[in-house]
file target-v3.cif (mmCIF, C-alpha atoms; chains and numbers go by the auth columns)
data_run
loop_
_atom_site.group_PDB
_atom_site.id
_atom_site.type_symbol
_atom_site.label_atom_id
_atom_site.label_comp_id
_atom_site.label_asym_id
_atom_site.label_seq_id
_atom_site.Cartn_x
_atom_site.Cartn_y
_atom_site.Cartn_z
_atom_site.B_iso_or_equiv
_atom_site.auth_seq_id
_atom_site.auth_asym_id
ATOM 1 C CA MET A 1 18.141 -15.226 0.106 0.00 1 A
ATOM 2 C CA ASN A 2 15.729 -17.754 -1.383 0.00 2 A
ATOM 3 C CA ASP A 3 13.476 -17.350 -4.415 0.00 3 A
ATOM 4 C CA HIS A 4 10.371 -16.425 -2.373 0.00 4 A
ATOM 5 C CA GLU A 5 12.178 -13.608 -0.587 0.00 5 A
ATOM 6 C CA LYS A 6 13.411 -12.191 -3.904 0.00 6 A
ATOM 7 C CA LYS A 7 9.859 -12.100 -5.249 0.00 7 A
ATOM 8 C CA MET A 8 8.663 -10.206 -2.157 0.00 8 A
ATOM 9 C CA ILE A 9 11.108 -7.306 -2.551 0.00 9 A
ATOM 10 C CA ALA A 10 9.273 -5.410 -5.310 0.00 10 A
ATOM 11 C CA PRO A 11 5.765 -5.464 -3.740 0.00 11 A
ATOM 12 C CA VAL A 12 7.172 -4.358 -0.388 0.00 12 A
ATOM 13 C CA ILE A 13 9.191 -1.495 -1.875 0.00 13 A
ATOM 14 C CA ILE A 14 6.284 -0.269 -4.007 0.00 14 A
ATOM 15 C CA THR A 15 3.895 -0.402 -1.052 0.00 15 A
ATOM 16 C CA VAL A 16 6.302 1.421 1.268 0.00 16 A
ATOM 17 C CA VAL A 17 6.931 4.184 -1.290 0.00 17 A
ATOM 18 C CA PHE A 18 3.195 4.561 -1.945 0.00 18 A
ATOM 19 C CA LEU A 19 2.377 4.669 1.780 0.00 19 A
ATOM 20 C CA LEU A 20 5.092 7.280 2.382 0.00 20 A
ATOM 21 C CA TYR A 21 3.641 9.380 -0.438 0.00 21 A
ATOM 22 C CA LEU A 22 0.117 9.064 0.988 0.00 22 A
ATOM 23 C CA ALA A 23 1.304 9.885 4.498 0.00 23 A
ATOM 24 C CA ALA A 24 3.142 12.989 3.286 0.00 24 A
ATOM 25 C CA TYR A 25 0.084 14.092 1.316 0.00 25 A
ATOM 26 C CA VAL A 26 -2.308 13.593 4.248 0.00 26 A
ATOM 27 C CA ILE A 27 0.029 15.325 6.714 0.00 27 A
ATOM 28 C CA GLY A 28 0.486 18.212 4.294 0.00 28 A
ATOM 29 C CA LEU A 29 -3.244 18.406 3.717 0.00 29 A
ATOM 30 C CA ILE A 30 -3.971 18.559 7.427 0.00 30 A
ATOM 31 C CA THR A 31 -1.174 20.905 8.492 0.00 31 A
ATOM 32 C CA LEU A 32 -1.139 23.378 5.608 0.00 32 A
ATOM 33 C CA SER A 33 -4.859 24.045 5.470 0.00 33 A
ATOM 34 C CA GLU A 34 -7.418 25.264 7.917 0.00 34 A
ATOM 35 C CA ARG A 35 -9.259 22.757 10.009 0.00 35 A
ATOM 36 C CA SER A 36 -12.580 22.080 8.382 0.00 36 A
ATOM 37 C CA PRO A 37 -14.831 19.108 7.649 0.00 37 A
ATOM 38 C CA VAL A 38 -13.825 19.310 3.984 0.00 38 A
ATOM 39 C CA ILE A 39 -10.243 18.451 4.886 0.00 39 A
ATOM 40 C CA ILE A 40 -11.451 15.416 6.828 0.00 40 A
ATOM 41 C CA LEU A 41 -13.540 14.351 3.838 0.00 41 A
ATOM 42 C CA LEU A 42 -10.443 14.573 1.657 0.00 42 A
ATOM 43 C CA ALA A 43 -8.145 12.769 4.104 0.00 43 A
ATOM 44 C CA VAL A 44 -10.388 9.809 4.998 0.00 44 A
ATOM 45 C CA PRO A 45 -10.370 8.193 1.508 0.00 45 A
ATOM 46 C CA LEU A 46 -6.584 8.526 1.364 0.00 46 A
ATOM 47 C CA ILE A 47 -6.237 6.805 4.729 0.00 47 A
ATOM 48 C CA ALA A 48 -8.600 4.053 3.547 0.00 48 A
ATOM 49 C CA LEU A 49 -6.482 3.672 0.411 0.00 49 A
ATOM 50 C CA GLY A 50 -3.386 3.212 2.566 0.00 50 A
ATOM 51 C CA ILE A 51 -5.116 0.540 4.645 0.00 51 A
ATOM 52 C CA GLY A 52 -6.187 -1.216 1.436 0.00 52 A
ATOM 53 C CA MET A 53 -2.616 -1.171 0.134 0.00 53 A
ATOM 54 C CA GLY A 54 -1.419 -2.787 3.349 0.00 54 A
ATOM 55 C CA TYR A 55 -4.053 -5.508 3.018 0.00 55 A
ATOM 56 C CA ILE A 56 -3.129 -6.140 -0.624 0.00 56 A
ATOM 57 C CA LEU A 57 0.553 -6.430 0.338 0.00 57 A
ATOM 58 C CA LYS A 58 -0.331 -8.953 3.040 0.00 58 A
ATOM 59 C CA THR A 59 -2.364 -10.969 0.520 0.00 59 A
ATOM 60 C CA ARG A 60 0.430 -10.841 -2.058 0.00 60 A
ATOM 61 C CA ILE A 61 3.022 -12.053 0.432 0.00 61 A
ATOM 62 C CA THR A 62 0.715 -14.930 1.387 0.00 62 A
ATOM 63 C CA GLU A 63 0.351 -15.854 -2.309 0.00 63 A
ATOM 64 C CA ILE A 64 4.107 -15.790 -2.850 0.00 64 A
ATOM 65 C CA ARG A 65 4.797 -17.954 0.204 0.00 65 A
ATOM 66 C CA SER A 66 2.174 -20.511 -0.860 0.00 66 A
ATOM 67 C CA GLY A 67 3.624 -20.781 -4.375 0.00 67 A
ATOM 68 C CA GLU A 68 0.721 -19.165 -6.238 0.00 68 A
ATOM 69 C CA GLU A 69 2.816 -16.350 -7.687 0.00 69 A
ATOM 70 C CA ASP A 70 2.773 -17.844 -11.196 0.00 70 A
ATOM 71 C CA ASP A 71 -0.917 -18.680 -11.426 0.00 71 A
ATOM 72 C CA LEU A 72 -1.424 -16.283 -14.375 0.00 72 A
ATOM 73 C CA GLY A 73 0.719 -18.614 -16.461 0.00 73 A
ATOM 74 C CA ASN A 74 -2.029 -21.240 -16.190 0.00 74 A
ATOM 75 C CA TYR A 75 -4.404 -19.232 -18.384 0.00 75 A
#
call {"tool": "encode", "arguments": {"input": "target-v3.cif", "output": "structure tokens"}}
result
Amino acid sequence: MNDHEKKMIAPVIITVVFLLYLAAYVIGLITLSERSPVIILLAVPLIALGIGMGYILKTRITEIRSGEEDDLGNY
């Protein structure tokens, strides 16, 4: 396992755990309550948050592979 793969482990694990939590929350919200537009209004932002987390993970992996993972040390 090279250095880049080691640096990708933490972001992937955190994102997976967060997405599992969001999925469980949305599924529980939909199944345990009555079907109403309010439930949809509560679930849509959570789904958007999950999509955003996936995009951020993709961006972070791209940064790590390109060698920009230590750019905060430049400041």
call {"tool": "atom_distance", "arguments": {"input": "target-v3.cif", "atom1": "atom CA of Tyr55 of chain A", "atom2": "atom CA of Tyr21 of chain A"}}
result
17.1 Å
call {"tool": "atom_distance", "arguments": {"input": "target-v3.cif", "atom1": "atom CA of Met53 of chain A", "atom2": "atom CA of Ser36 of chain A"}}
result
26.6 Å
call {"tool": "atom_distance", "arguments": {"input": "target-v3.cif", "atom1": "atom CA of Ile61 of chain A", "atom2": "atom CA of Pro45 of chain A"}}
result
24.3 Å
call {"tool": "residues_around", "arguments": {"input": "target-v3.cif", "residues": "segment 2-15 of chain A", "least_positions_apart": "5", "cutoff": "9 Å", "atoms": "only C-alpha atoms", "output": "count of residues only"}}
result
11
call {"tool": "closest_residue", "arguments": {"input": "target-v3.cif", "among": "A:Met1, A:Ile51, A:Ile56, A:Leu46", "to": "Leu22 of chain A", "atoms": "only C-alpha atoms"}}
result
A:Leu46
call {"tool": "closest_residue", "arguments": {"input": "target-v3.cif", "among": "A:Val38, A:Lys58, A:Ser66, A:Ile47", "to": "Ala23 of chain A", "atoms": "all atoms listed in the file"}}
result
A:Ile47
call {"tool": "residues_around", "arguments": {"input": "target-v3.cif", "residues": "Ile40 of chain A", "least_positions_apart": "6", "cutoff": "12 Å", "atoms": "all atoms listed in the file", "output": "mmCIF file with C-alpha atoms, in the coordinates of the input"}}
result
data_model
loop_
_atom_site.group_PDB
_atom_site.id
_atom_site.type_symbol
_atom_site.label_atom_id
_atom_site.label_comp_id
_atom_site.auth_asym_id
_atom_site.auth_seq_id
_atom_site.Cartn_x
_atom_site.Cartn_y
_atom_site.Cartn_z
ATOM 1 C CA VAL A 26 -2.308 13.593 4.248
ATOM 2 C CA ILE A 27 0.029 15.325 6.714
ATOM 3 C CA LEU A 29 -3.244 18.406 3.717
ATOM 4 C CA ILE A 30 -3.971 18.559 7.427
ATOM 5 C CA THR A 31 -1.174 20.905 8.492
ATOM 6 C CA SER A 33 -4.859 24.045 5.470
ATOM 7 C CA GLU A 34 -7.418 25.264 7.917
ATOM 8 C CA LEU A 46 -6.584 8.526 1.364
ATOM 9 C CA ILE A 47 -6.237 6.805 4.729
#
